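These notes are about the structure you will find just below.
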Amino acid sequence: MPLVYHPDYSFPFPPRHRFPMEKFARLAAYLRGQNILTPGNCYRPGPCRQQWLTQTHCPEYLQRFYRNTQSDKERRQMNLPWSEGLVKRTFLAPSGTVLTAQLALQHGVACHLAGGTHHAHHDYASGFCILNDLAIAANVLARQNEGLQVLVFDCDVHQGDGTAALLQNEPRAFTCSIHCKQNFPFIKKQSDWDVELPAATQDEAYLDTVRSTLLAAIEQVQPDIVLYDAGVDVFEGDPLGQLRITESGIRQRDNLVLSELKKAQIPVATVIGGGYDDDRATLARRHAIVIEEAQRVFGR
Ligand SMILES: [Zn+2]
């Protein structure tokens with residue numbers, strides 16, 4: 001099973017910052033320890049092509065971020081301290097999601113050990129997201145493969161507002177977001193399909209919703225590939241999420257999504273999405289769930 005990772009995804013970063021920048025390296029280390037990530041299945045992306053970026057984002061915005069000439073307001077919206085390391089990882093990660101999707105088309109499944117920066121908009125950052133890898137990948141796929149239909153299935157606890165807005169006028173990409181109504185962003189955008197769950201929703205109701213939504217979306221969209229955002233901030237202990245999903249519930253969710261897609265013979269590319277925890281080792285293990293379940297379901 002192809003896994004996509006780059007050692008520059010994590011870089012020196014304020015350790016007490018709300019955004020756990022070290023989680024990518026910790027996830028990779030954990031998966032290596034489990035013998036799931038090996039030299040034989042690890043793919044490393046190159047920096048994102050300019051054309052891929054400007055297809056989705058405003059060129060002036062990209063330049064302002066690259067050159068560290070953003071306004072104070074833009075910096076506040078980004079909510080991450082600018083550094084060369086941040087620039088490097090920001091321009092790598094979307095390329096990683098594109099690569100993951102391309103590998104999924106070849107192999108049926110592929111997992112990115114990053115990705116899911118779904119709050120990034122055309123010309124502004126939001127909620128720790130600077131570039132929208134899901135929208136970038138959907139746009140690249142649609143242009144590289146004639147007639148290809150993409151389904152973005154976003155199960156992060158927060159609405160994929162940036163993806164919804166960026167792909168609003170792209171008929172080749174269908175955006176579906178299952179999120180908590182009371183969570184950020186407080187003014188939602190309109191996805192092709194939004195499913196809002198009330199705060200404190202628990203496993204059983206959540207899993208029913210995920211299953212019925214996925215099956216209906218497959219039926220309606222008939223996708224040729226699914227980009228699956230397996231955010232773990234639906235977890236009951238997540239400081240930035242208000243759902244009450246257990247780790248077992250997350251595992252069941254990922255298993256059911258991947259099993260249904262395998263059954264329907266639809267290639268799936270997974271991204272890790274959001275997840276927050278001061279215990280960074282535990283967080284890395286939580287993000288590994290989708291990759292462990294992918295290996296279980298696809299049996300490689
Ligand atoms: Zn989130």
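Simple scheme: letters A, B, ... for chains in structure tokens order, numbers from 1 for residues in each chain, numbers from 1 for ligands in the order shown.
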
Exercise for the section: Quick one: everything within 8 Å of Ile289 in chain A, counting only C-alpha atoms, minus sequence neighbours fewer than 2 positions away in the same chain. Send it as a PyMOL selection string. Expected result: chain A and resi 250-251+254+285-287+291-293

Could those residues be written to a file, using all heavy atoms, as a PDB file, in the first residue's frame?
```pdb
ATOM      1  N   ILE A 250     -13.821   5.982  15.756  1.00  0.00           N
ATOM      2  CA  ILE A 250     -13.008   6.481  14.634  1.00  0.00           C
ATOM      3  C   ILE A 250     -12.530   5.295  13.785  1.00  0.00           C
ATOM      4  O   ILE A 250     -12.582   5.324  12.556  1.00  0.00           O
ATOM      5  CB  ILE A 250     -11.810   7.310  15.152  1.00  0.00           C
ATOM      6  CG1 ILE A 250     -12.316   8.609  15.803  1.00  0.00           C
ATOM      7  CG2 ILE A 250     -10.829   7.619  14.025  1.00  0.00           C
ATOM      8  CD1 ILE A 250     -11.230   9.432  16.480  1.00  0.00           C
ATOM      9  N   ARG A 251     -12.096   4.245  14.472  1.00  0.00           N
ATOM     10  CA  ARG A 251     -11.620   3.058  13.756  1.00  0.00           C
ATOM     11  C   ARG A 251     -12.750   2.433  12.935  1.00  0.00           C
ATOM     12  O   ARG A 251     -12.572   2.056  11.776  1.00  0.00           O
ATOM     13  CB  ARG A 251     -11.048   2.048  14.760  1.00  0.00           C
ATOM     14  CG  ARG A 251     -10.227   0.950  14.144  1.00  0.00           C
ATOM     15  CD  ARG A 251      -9.514   0.113  15.185  1.00  0.00           C
ATOM     16  NE  ARG A 251      -8.378   0.773  15.826  1.00  0.00           N
ATOM     17  CZ  ARG A 251      -7.183   0.949  15.267  1.00  0.00           C
ATOM     18  NH1 ARG A 251      -6.948   0.505  14.048  1.00  0.00           N
ATOM     19  NH2 ARG A 251      -6.212   1.560  15.911  1.00  0.00           N
ATOM     20  N   ASP A 254     -13.443   4.696   9.844  1.00  0.00           N
ATOM     21  CA  ASP A 254     -12.458   4.560   8.773  1.00  0.00           C
ATOM     22  C   ASP A 254     -12.608   3.200   8.087  1.00  0.00           C
ATOM     23  O   ASP A 254     -12.520   3.091   6.861  1.00  0.00           O
ATOM     24  CB  ASP A 254     -11.041   4.735   9.326  1.00  0.00           C
ATOM     25  CG  ASP A 254     -10.797   6.169   9.800  1.00  0.00           C
ATOM     26  OD1 ASP A 254     -11.595   7.055   9.424  1.00  0.00           O
ATOM     27  OD2 ASP A 254      -9.820   6.394  10.533  1.00  0.00           O
ATOM     28  N   ARG A 285      -0.739   8.252  17.144  1.00  0.00           N
ATOM     29  CA  ARG A 285      -1.371   6.922  17.052  1.00  0.00           C
ATOM     30  C   ARG A 285      -2.816   7.041  16.563  1.00  0.00           C
ATOM     31  O   ARG A 285      -3.305   6.199  15.828  1.00  0.00           O
ATOM     32  CB  ARG A 285      -1.319   6.207  18.407  1.00  0.00           C
ATOM     33  CG  ARG A 285       0.043   5.625  18.727  1.00  0.00           C
ATOM     34  CD  ARG A 285      -0.068   4.480  19.731  1.00  0.00           C
ATOM     35  NE  ARG A 285      -0.643   4.904  21.006  1.00  0.00           N
ATOM     36  CZ  ARG A 285       0.042   5.519  21.982  1.00  0.00           C
ATOM     37  NH1 ARG A 285       1.334   5.757  21.819  1.00  0.00           N
ATOM     38  NH2 ARG A 285      -0.547   5.875  23.097  1.00  0.00           N
ATOM     39  N   ARG A 286      -3.475   8.104  16.982  1.00  0.00           N
ATOM     40  CA  ARG A 286      -4.871   8.304  16.541  1.00  0.00           C
ATOM     41  C   ARG A 286      -4.905   8.568  15.034  1.00  0.00           C
ATOM     42  O   ARG A 286      -5.770   8.075  14.320  1.00  0.00           O
ATOM     43  CB  ARG A 286      -5.461   9.484  17.327  1.00  0.00           C
ATOM     44  CG  ARG A 286      -6.966   9.476  17.432  1.00  0.00           C
ATOM     45  CD  ARG A 286      -7.453  10.566  18.389  1.00  0.00           C
ATOM     46  NE  ARG A 286      -7.069  10.307  19.757  1.00  0.00           N
ATOM     47  CZ  ARG A 286      -6.635  11.243  20.616  1.00  0.00           C
ATOM     48  NH1 ARG A 286      -6.548  12.512  20.258  1.00  0.00           N
ATOM     49  NH2 ARG A 286      -6.301  10.918  21.840  1.00  0.00           N
ATOM     50  N   HIS A 287      -3.960   9.365  14.539  1.00  0.00           N
ATOM     51  CA  HIS A 287      -3.915   9.626  13.091  1.00  0.00           C
ATOM     52  C   HIS A 287      -3.535   8.373  12.299  1.00  0.00           C
ATOM     53  O   HIS A 287      -3.813   8.277  11.109  1.00  0.00           O
ATOM     54  CB  HIS A 287      -2.924  10.745  12.783  1.00  0.00           C
ATOM     55  CG  HIS A 287      -3.513  12.125  12.927  1.00  0.00           C
ATOM     56  ND1 HIS A 287      -4.641  12.530  12.239  1.00  0.00           N
ATOM     57  CD2 HIS A 287      -3.126  13.200  13.673  1.00  0.00           C
ATOM     58  CE1 HIS A 287      -4.912  13.791  12.555  1.00  0.00           C
ATOM     59  NE2 HIS A 287      -4.020  14.221  13.424  1.00  0.00           N
ATOM     60  N   ILE A 291      -4.696   4.675   8.459  1.00  0.00           N
ATOM     61  CA  ILE A 291      -3.705   3.942   7.665  1.00  0.00           C
ATOM     62  C   ILE A 291      -3.716   2.457   8.060  1.00  0.00           C
ATOM     63  O   ILE A 291      -3.648   1.570   7.208  1.00  0.00           O
ATOM     64  CB  ILE A 291      -2.321   4.607   7.830  1.00  0.00           C
ATOM     65  CG1 ILE A 291      -2.401   6.027   7.239  1.00  0.00           C
ATOM     66  CG2 ILE A 291      -1.221   3.790   7.159  1.00  0.00           C
ATOM     67  CD1 ILE A 291      -1.444   7.020   7.800  1.00  0.00           C
ATOM     68  N   GLU A 292      -3.860   2.200   9.359  1.00  0.00           N
ATOM     69  CA  GLU A 292      -3.975   0.811   9.817  1.00  0.00           C
ATOM     70  C   GLU A 292      -5.222   0.152   9.223  1.00  0.00           C
ATOM     71  O   GLU A 292      -5.186  -1.005   8.790  1.00  0.00           O
ATOM     72  CB  GLU A 292      -4.054   0.767  11.351  1.00  0.00           C
ATOM     73  CG  GLU A 292      -2.743   1.138  12.029  1.00  0.00           C
ATOM     74  CD  GLU A 292      -2.894   1.442  13.522  1.00  0.00           C
ATOM     75  OE1 GLU A 292      -4.030   1.588  14.015  1.00  0.00           O
ATOM     76  OE2 GLU A 292      -1.858   1.560  14.184  1.00  0.00           O
ATOM     77  N   GLU A 293      -6.320   0.891   9.194  1.00  0.00           N
ATOM     78  CA  GLU A 293      -7.560   0.319   8.655  1.00  0.00           C
ATOM     79  C   GLU A 293      -7.458   0.131   7.137  1.00  0.00           C
ATOM     80  O   GLU A 293      -8.001  -0.819   6.587  1.00  0.00           O
ATOM     81  CB  GLU A 293      -8.770   1.176   9.031  1.00  0.00           C
ATOM     82  CG  GLU A 293      -9.107   1.118  10.522  1.00  0.00           C
ATOM     83  CD  GLU A 293      -9.208  -0.299  11.078  1.00  0.00           C
ATOM     84  OE1 GLU A 293      -9.984  -1.109  10.533  1.00  0.00           O
ATOM     85  OE2 GLU A 293      -8.492  -0.610  12.054  1.00  0.00           O
TER      86      GLU A 293
END
```

Handout entry: Glu146 in chain A environment, 10 Å, only C-alpha atoms, sequence neighbours closer than 4 positions dropped, as a PyMOL selection string
Key = chain A and resi 141-142+172

Please report, as a tab-separated table, each residue of chain A lying at most 12 Å from ligand 1, together with the nearest pair of atoms and the separation in Å rounded to one decimal; use only C-alpha atoms and all ligand atoms, and order rows by chain and ascending residue number.
```
residue	atom	partner	partner_atom_place_in_ligand_line	distance
A:Phe19	CA	ligand 1	1 (Zn)	11.0
A:Gly115	CA	ligand 1	1 (Zn)	11.3
A:Gly116	CA	ligand 1	1 (Zn)	8.5
A:Thr117	CA	ligand 1	1 (Zn)	8.5
A:His118	CA	ligand 1	1 (Zn)	8.3
A:His119	CA	ligand 1	1 (Zn)	8.6
A:Ala120	CA	ligand 1	1 (Zn)	11.9
A:Ser126	CA	ligand 1	1 (Zn)	11.4
A:Gly127	CA	ligand 1	1 (Zn)	8.4
A:Phe128	CA	ligand 1	1 (Zn)	9.5
A:Cys129	CA	ligand 1	1 (Zn)	10.0
A:Asp154	CA	ligand 1	1 (Zn)	9.7
A:Cys155	CA	ligand 1	1 (Zn)	8.7
A:Asp156	CA	ligand 1	1 (Zn)	4.9
A:Val157	CA	ligand 1	1 (Zn)	5.1
A:His158	CA	ligand 1	1 (Zn)	4.5
A:Gln159	CA	ligand 1	1 (Zn)	7.5
A:Gly160	CA	ligand 1	1 (Zn)	8.3
A:Asp161	CA	ligand 1	1 (Zn)	10.8
A:Ser177	CA	ligand 1	1 (Zn)	11.2
A:Ile178	CA	ligand 1	1 (Zn)	11.1
A:His179	CA	ligand 1	1 (Zn)	8.8
A:Cys180	CA	ligand 1	1 (Zn)	9.8
A:Asn183	CA	ligand 1	1 (Zn)	8.9
A:Phe184	CA	ligand 1	1 (Zn)	8.2
A:Pro185	CA	ligand 1	1 (Zn)	9.6
A:Asp229	CA	ligand 1	1 (Zn)	9.6
A:Ala230	CA	ligand 1	1 (Zn)	9.7
A:Gly231	CA	ligand 1	1 (Zn)	6.2
A:Val232	CA	ligand 1	1 (Zn)	7.7
A:Asp233	CA	ligand 1	1 (Zn)	5.7
A:Val234	CA	ligand 1	1 (Zn)	8.0
A:Phe235	CA	ligand 1	1 (Zn)	10.6
A:Asp238	CA	ligand 1	1 (Zn)	9.8
A:Pro239	CA	ligand 1	1 (Zn)	10.6
A:Leu240	CA	ligand 1	1 (Zn)	7.5
A:Gly241	CA	ligand 1	1 (Zn)	7.3
A:Gln242	CA	ligand 1	1 (Zn)	10.6
A:Leu243	CA	ligand 1	1 (Zn)	11.4
A:Ile272	CA	ligand 1	1 (Zn)	10.0
A:Gly273	CA	ligand 1	1 (Zn)	6.4
A:Gly274	CA	ligand 1	1 (Zn)	4.1
A:Gly275	CA	ligand 1	1 (Zn)	6.5
A:Tyr276	CA	ligand 1	1 (Zn)	8.7
```

Handout entry: DSSP alpha helix (DSSP H) selection over range 4-236 of chain A, as a ChimeraX atom specification
Key = /A:23-33,50-54,59-66,72-78,84-107,133-144,161-166,203-221

Exercise for the section: Find the distance between CA of Ala269 in chain A and CA of Val109 in chain A and write it in Å to one decimal. Expected result: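 Separation of CA of Ala269 in chain A and CA of Val109 in chain A: 5.8 Å.
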
Exercise for the section: Go through A:Tyr5, A:Phe11, A:Tyr61, A:Phe153 and flag the residue nearest Arg44 in chain A, using only C-alpha atoms for the distances. Expected result: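 Closest to Arg44 in chain A of all the choices is A:Tyr5.
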
Problem - Among the residues A:Lys188, A:His57, A:Lys88, A:His6, the one that comes closest to His112 in chain A [using only C-alpha atoms] - result: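 Smallest distance to His112 in chain A is found for A:His6.
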
Practice task
Measuring atom to atom with only C-alpha atoms, identify which of A:Asp224, A:Asp133, A:Glu60, A:Asp8 is nearest to Asn145 in chain A.
Solution key: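 Residue with the minimum atom-to-atom distance to Asn145 in chain A: A:Asp224.
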
Long-range neighbours of Leu261 in chain A as a compact mmCIF listing (two decimals) with N, CA and C atoms, in the first residue's frame, 12 Å cut-off, only C-alpha atoms, 3 positions minimum in chain:
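File produced: out-v3.txt:
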```txt
# COMPACT_ATOMS: atom_id res chain seq x y z
N ALA A 104 -3.44 6.33 -5.75
CA ALA A 104 -4.72 5.64 -5.49
C ALA A 104 -5.36 5.19 -6.80
N GLY A 108 -5.60 1.55 -6.24
CA GLY A 108 -6.88 1.39 -5.55
C GLY A 108 -6.94 2.10 -4.22
N VAL A 109 -5.78 2.25 -3.57
CA VAL A 109 -5.74 2.95 -2.29
C VAL A 109 -4.34 3.54 -2.10
N LEU A 151 -14.95 12.75 -5.71
CA LEU A 151 -15.76 13.01 -4.51
C LEU A 151 -14.82 13.34 -3.36
N PHE A 153 -14.76 13.52 0.38
CA PHE A 153 -15.58 13.07 1.50
C PHE A 153 -14.85 13.47 2.79
N ARG A 211 -22.18 6.29 7.27
CA ARG A 211 -22.48 5.23 6.32
C ARG A 211 -23.55 5.66 5.30
N LEU A 214 -22.23 8.41 2.93
CA LEU A 214 -21.28 7.90 1.94
C LEU A 214 -21.99 7.11 0.84
N LEU A 215 -22.89 6.22 1.25
CA LEU A 215 -23.57 5.39 0.25
C LEU A 215 -24.42 6.25 -0.70
N ALA A 217 -23.89 9.42 -1.40
CA ALA A 217 -22.99 10.23 -2.22
C ALA A 217 -22.41 9.39 -3.37
N ILE A 218 -22.04 8.16 -3.07
CA ILE A 218 -21.52 7.26 -4.13
C ILE A 218 -22.59 7.08 -5.20
N GLU A 219 -23.80 6.81 -4.74
CA GLU A 219 -24.92 6.58 -5.65
C GLU A 219 -25.17 7.79 -6.55
N GLN A 222 -21.33 8.86 -8.39
CA GLN A 222 -20.61 7.83 -9.16
C GLN A 222 -19.15 8.24 -9.35
N PRO A 223 -18.45 8.48 -8.24
CA PRO A 223 -17.08 9.00 -8.37
C PRO A 223 -16.10 7.97 -8.93
N ASP A 224 -15.06 8.48 -9.60
CA ASP A 224 -13.97 7.63 -10.06
C ASP A 224 -12.86 7.58 -9.04
N ILE A 225 -12.89 8.52 -8.09
CA ILE A 225 -11.92 8.53 -6.99
C ILE A 225 -12.54 9.31 -5.83
N VAL A 226 -12.19 8.89 -4.62
CA VAL A 226 -12.63 9.62 -3.42
C VAL A 226 -11.39 10.15 -2.69
N LEU A 227 -11.43 11.42 -2.35
CA LEU A 227 -10.43 11.99 -1.45
C LEU A 227 -11.07 12.00 -0.07
N TYR A 228 -10.55 11.18 0.83
CA TYR A 228 -11.16 10.99 2.14
C TYR A 228 -10.37 11.71 3.22
N ASP A 254 -13.44 4.70 9.84
CA ASP A 254 -12.46 4.56 8.77
C ASP A 254 -12.61 3.20 8.09
N ASN A 255 -12.87 2.18 8.90
CA ASN A 255 -13.05 0.85 8.32
C ASN A 255 -14.26 0.81 7.40
N LEU A 256 -15.35 1.41 7.84
CA LEU A 256 -16.57 1.34 7.01
C LEU A 256 -16.42 2.16 5.73
N VAL A 257 -15.80 3.33 5.83
CA VAL A 257 -15.60 4.15 4.62
C VAL A 257 -14.73 3.40 3.62
N LEU A 258 -13.62 2.85 4.11
CA LEU A 258 -12.69 2.17 3.21
C LEU A 258 -13.29 0.87 2.67
N ALA A 264 -17.20 -1.04 -3.67
CA ALA A 264 -17.70 -0.36 -4.86
C ALA A 264 -16.60 -0.19 -5.92
N GLN A 265 -15.40 -0.67 -5.61
CA GLN A 265 -14.24 -0.58 -6.52
C GLN A 265 -13.93 0.86 -6.91
N ILE A 266 -14.01 1.74 -5.91
CA ILE A 266 -13.67 3.15 -6.15
C ILE A 266 -12.34 3.45 -5.46
N PRO A 267 -11.34 3.89 -6.21
CA PRO A 267 -10.04 4.22 -5.60
C PRO A 267 -10.20 5.30 -4.52
N VAL A 268 -9.42 5.16 -3.45
CA VAL A 268 -9.52 6.13 -2.36
C VAL A 268 -8.13 6.61 -1.93
N ALA A 269 -8.02 7.93 -1.82
CA ALA A 269 -6.81 8.57 -1.31
C ALA A 269 -7.17 9.18 0.04
N THR A 270 -6.44 8.79 1.09
CA THR A 270 -6.77 9.33 2.41
C THR A 270 -5.79 10.43 2.81
N ALA A 294 -6.77 1.04 6.46
CA ALA A 294 -6.56 0.89 5.01
C ALA A 294 -5.79 -0.39 4.74
N VAL A 297 -8.21 -3.35 5.45
CA VAL A 297 -9.26 -3.51 4.45
C VAL A 297 -8.70 -3.97 3.10
N PHE A 298 -7.59 -3.36 2.72
CA PHE A 298 -7.04 -3.67 1.39
C PHE A 298 -6.01 -4.81 1.45
```

Problem - Spatial neighbours of Gln50 in chain A, max dist 10 Å, only C-alpha atoms, sep filter under 2 positions, as a PyMOL selection string - result: chain A and resi 47-48+52-55+59+62+91

Go ahead and write the selection's residues with N, CA, C and O atoms as a PDB file, in the first residue's frame.
```pdb
ATOM      1  N   PRO A  47       8.194  19.575  -4.547  1.00  0.00           N
ATOM      2  CA  PRO A  47       7.428  20.806  -4.339  1.00  0.00           C
ATOM      3  C   PRO A  47       6.306  20.932  -5.371  1.00  0.00           C
ATOM      4  O   PRO A  47       6.426  20.437  -6.489  1.00  0.00           O
ATOM      5  N   CYS A  48       5.228  21.562  -4.956  1.00  0.00           N
ATOM      6  CA  CYS A  48       4.043  21.689  -5.803  1.00  0.00           C
ATOM      7  C   CYS A  48       4.349  22.532  -7.047  1.00  0.00           C
ATOM      8  O   CYS A  48       4.991  23.568  -6.958  1.00  0.00           O
ATOM      9  N   TRP A  52      -0.164  24.069 -10.662  1.00  0.00           N
ATOM     10  CA  TRP A  52      -1.134  23.421  -9.772  1.00  0.00           C
ATOM     11  C   TRP A  52      -1.615  24.397  -8.698  1.00  0.00           C
ATOM     12  O   TRP A  52      -2.773  24.361  -8.288  1.00  0.00           O
ATOM     13  N   LEU A  53      -0.691  25.247  -8.268  1.00  0.00           N
ATOM     14  CA  LEU A  53      -1.041  26.201  -7.204  1.00  0.00           C
ATOM     15  C   LEU A  53      -1.963  27.292  -7.722  1.00  0.00           C
ATOM     16  O   LEU A  53      -2.990  27.616  -7.117  1.00  0.00           O
ATOM     17  N   THR A  54      -1.587  27.866  -8.883  1.00  0.00           N
ATOM     18  CA  THR A  54      -2.341  29.024  -9.380  1.00  0.00           C
ATOM     19  C   THR A  54      -3.676  28.618 -10.007  1.00  0.00           C
ATOM     20  O   THR A  54      -4.550  29.459 -10.200  1.00  0.00           O
ATOM     21  N   GLN A  55      -3.843  27.322 -10.290  1.00  0.00           N
ATOM     22  CA  GLN A  55      -5.136  26.824 -10.728  1.00  0.00           C
ATOM     23  C   GLN A  55      -6.190  26.992  -9.616  1.00  0.00           C
ATOM     24  O   GLN A  55      -7.373  27.091  -9.883  1.00  0.00           O
ATOM     25  N   PRO A  59      -2.408  34.080  -7.270  1.00  0.00           N
ATOM     26  CA  PRO A  59      -0.939  34.194  -7.351  1.00  0.00           C
ATOM     27  C   PRO A  59      -0.359  35.255  -6.409  1.00  0.00           C
ATOM     28  O   PRO A  59       0.708  35.043  -5.825  1.00  0.00           O
ATOM     29  N   LEU A  62      -0.190  33.814  -2.937  1.00  0.00           N
ATOM     30  CA  LEU A  62       0.919  32.862  -2.829  1.00  0.00           C
ATOM     31  C   LEU A  62       2.248  33.607  -2.636  1.00  0.00           C
ATOM     32  O   LEU A  62       3.073  33.226  -1.813  1.00  0.00           O
ATOM     33  N   PHE A  91       4.360  24.251   0.685  1.00  0.00           N
ATOM     34  CA  PHE A  91       4.388  24.004  -0.758  1.00  0.00           C
ATOM     35  C   PHE A  91       4.647  22.525  -1.104  1.00  0.00           C
ATOM     36  O   PHE A  91       4.512  22.125  -2.255  1.00  0.00           O
TER      37      PHE A  91
END
```

Problem - Backbone DSSP call of strand (DSSP E) for range 84-260 of chain A, listed as a list in words - result: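 Taking range 84-260 of chain A and keeping strand (DSSP E) only, one gets Val109, Ala110, Cys111, His112, Val150, Leu151, Val152, Phe153, Asp154, Ala173, Phe174, Thr175, Cys176, Ser177, Ile178, His179, Cys180, Trp193, Asp194, Val195, Glu196, Leu197, Ile225, Val226, Leu227, Tyr228 and Asp229 of chain A.
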
Go ahead and write the selection's residues with N, CA, C and O atoms as a JSON list (two decimals), in the first residue's frame.
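Result file follows (again.json):
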```
[["chain", "number", "residue", "atom", "x", "y", "z"],
["A", 109, "VAL", "N", -5.78, 2.25, -3.57],
["A", 109, "VAL", "CA", -5.74, 2.95, -2.29],
["A", 109, "VAL", "C", -4.34, 3.54, -2.10],
["A", 109, "VAL", "O", -3.35, 2.97, -2.58],
["A", 110, "ALA", "N", -4.27, 4.69, -1.46],
["A", 110, "ALA", "CA", -3.00, 5.28, -1.05],
["A", 110, "ALA", "C", -3.30, 6.25, 0.09],
["A", 110, "ALA", "O", -4.40, 6.81, 0.16],
["A", 111, "CYS", "N", -2.34, 6.39, 1.00],
["A", 111, "CYS", "CA", -2.56, 7.23, 2.18],
["A", 111, "CYS", "C", -1.48, 8.29, 2.29],
["A", 111, "CYS", "O", -0.29, 8.00, 2.15],
["A", 112, "HIS", "N", -1.91, 9.51, 2.59],
["A", 112, "HIS", "CA", -0.99, 10.62, 2.81],
["A", 112, "HIS", "C", -0.83, 10.80, 4.31],
["A", 112, "HIS", "O", -1.83, 10.84, 5.03],
["A", 150, "VAL", "N", -14.57, 13.42, -9.16],
["A", 150, "VAL", "CA", -13.95, 13.33, -7.84],
["A", 150, "VAL", "C", -15.01, 13.55, -6.76],
["A", 150, "VAL", "O", -15.84, 14.45, -6.88],
["A", 151, "LEU", "N", -14.95, 12.75, -5.71],
["A", 151, "LEU", "CA", -15.76, 13.01, -4.51],
["A", 151, "LEU", "C", -14.82, 13.34, -3.36],
["A", 151, "LEU", "O", -13.93, 12.54, -3.04],
["A", 152, "VAL", "N", -14.97, 14.52, -2.78],
["A", 152, "VAL", "CA", -14.24, 14.87, -1.57],
["A", 152, "VAL", "C", -15.15, 14.53, -0.40],
["A", 152, "VAL", "O", -16.20, 15.15, -0.24],
["A", 153, "PHE", "N", -14.76, 13.52, 0.38],
["A", 153, "PHE", "CA", -15.58, 13.07, 1.50],
["A", 153, "PHE", "C", -14.85, 13.47, 2.79],
["A", 153, "PHE", "O", -13.85, 12.88, 3.17],
["A", 154, "ASP", "N", -15.36, 14.52, 3.41],
["A", 154, "ASP", "CA", -14.64, 15.20, 4.49],
["A", 154, "ASP", "C", -15.30, 14.90, 5.83],
["A", 154, "ASP", "O", -16.40, 15.40, 6.10],
["A", 173, "ALA", "N", -15.93, 17.93, -9.45],
["A", 173, "ALA", "CA", -15.62, 17.61, -8.05],
["A", 173, "ALA", "C", -16.85, 17.88, -7.19],
["A", 173, "ALA", "O", -17.43, 18.97, -7.24],
["A", 174, "PHE", "N", -17.23, 16.89, -6.41],
["A", 174, "PHE", "CA", -18.39, 16.99, -5.53],
["A", 174, "PHE", "C", -17.86, 17.04, -4.09],
["A", 174, "PHE", "O", -17.08, 16.17, -3.69],
["A", 175, "THR", "N", -18.27, 18.06, -3.35],
["A", 175, "THR", "CA", -17.78, 18.19, -1.97],
["A", 175, "THR", "C", -18.86, 17.77, -0.98],
["A", 175, "THR", "O", -20.00, 18.23, -1.07],
["A", 176, "CYS", "N", -18.49, 16.88, -0.07],
["A", 176, "CYS", "CA", -19.41, 16.41, 0.96],
["A", 176, "CYS", "C", -18.71, 16.55, 2.31],
["A", 176, "CYS", "O", -17.60, 16.02, 2.48],
["A", 177, "SER", "N", -19.32, 17.27, 3.22],
["A", 177, "SER", "CA", -18.71, 17.51, 4.53],
["A", 177, "SER", "C", -19.67, 17.08, 5.64],
["A", 177, "SER", "O", -20.81, 17.52, 5.68],
["A", 178, "ILE", "N", -19.17, 16.21, 6.53],
["A", 178, "ILE", "CA", -19.94, 15.80, 7.72],
["A", 178, "ILE", "C", -19.21, 16.42, 8.91],
["A", 178, "ILE", "O", -18.05, 16.06, 9.17],
["A", 179, "HIS", "N", -19.85, 17.36, 9.58],
["A", 179, "HIS", "CA", -19.13, 18.12, 10.60],
["A", 179, "HIS", "C", -20.06, 18.51, 11.74],
["A", 179, "HIS", "O", -21.28, 18.36, 11.65],
["A", 180, "CYS", "N", -19.46, 19.06, 12.79],
["A", 180, "CYS", "CA", -20.25, 19.51, 13.95],
["A", 180, "CYS", "C", -20.72, 20.94, 13.72],
["A", 180, "CYS", "O", -19.92, 21.84, 13.47],
["A", 193, "TRP", "N", -22.80, 18.97, -0.54],
["A", 193, "TRP", "CA", -23.66, 18.32, 0.45],
["A", 193, "TRP", "C", -23.04, 18.52, 1.83],
["A", 193, "TRP", "O", -21.92, 18.08, 2.07],
["A", 194, "ASP", "N", -23.79, 19.18, 2.71],
["A", 194, "ASP", "CA", -23.35, 19.37, 4.09],
["A", 194, "ASP", "C", -24.23, 18.56, 5.01],
["A", 194, "ASP", "O", -25.46, 18.60, 4.90],
["A", 195, "VAL", "N", -23.59, 17.85, 5.94],
["A", 195, "VAL", "CA", -24.34, 17.14, 6.98],
["A", 195, "VAL", "C", -23.86, 17.69, 8.32],
["A", 195, "VAL", "O", -22.70, 17.54, 8.67],
["A", 196, "GLU", "N", -24.76, 18.38, 9.01],
["A", 196, "GLU", "CA", -24.38, 19.00, 10.28],
["A", 196, "GLU", "C", -24.84, 18.13, 11.44],
["A", 196, "GLU", "O", -26.01, 17.76, 11.53],
["A", 197, "LEU", "N", -23.91, 17.82, 12.32],
["A", 197, "LEU", "CA", -24.24, 17.02, 13.50],
["A", 197, "LEU", "C", -24.23, 17.93, 14.73],
["A", 197, "LEU", "O", -23.38, 18.83, 14.83],
["A", 225, "ILE", "N", -12.89, 8.52, -8.09],
["A", 225, "ILE", "CA", -11.92, 8.53, -6.99],
["A", 225, "ILE", "C", -12.54, 9.31, -5.83],
["A", 225, "ILE", "O", -13.30, 10.27, -6.05],
["A", 226, "VAL", "N", -12.19, 8.89, -4.62],
["A", 226, "VAL", "CA", -12.63, 9.62, -3.42],
["A", 226, "VAL", "C", -11.39, 10.15, -2.69],
["A", 226, "VAL", "O", -10.42, 9.40, -2.48],
["A", 227, "LEU", "N", -11.43, 11.42, -2.35],
["A", 227, "LEU", "CA", -10.43, 11.99, -1.45],
["A", 227, "LEU", "C", -11.07, 12.00, -0.07],
["A", 227, "LEU", "O", -12.05, 12.71, 0.16],
["A", 228, "TYR", "N", -10.55, 11.18, 0.83],
["A", 228, "TYR", "CA", -11.16, 10.99, 2.14],
["A", 228, "TYR", "C", -10.37, 11.71, 3.22],
["A", 228, "TYR", "O", -9.22, 11.36, 3.50],
["A", 229, "ASP", "N", -10.98, 12.73, 3.81],
["A", 229, "ASP", "CA", -10.38, 13.46, 4.93],
["A", 229, "ASP", "C", -10.80, 12.78, 6.22],
["A", 229, "ASP", "O", -11.95, 12.91, 6.65]]
```

Handout entry: Contacts of Leu86 in chain A within 9 Å, only C-alpha atoms, excl. fewer than 6 positions in-chain, as a list in words
Key =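 Skipping anything fewer than 6 positions along the chain leaves Tyr9, Ser10, Phe11, Phe13 and Leu80 of chain A.
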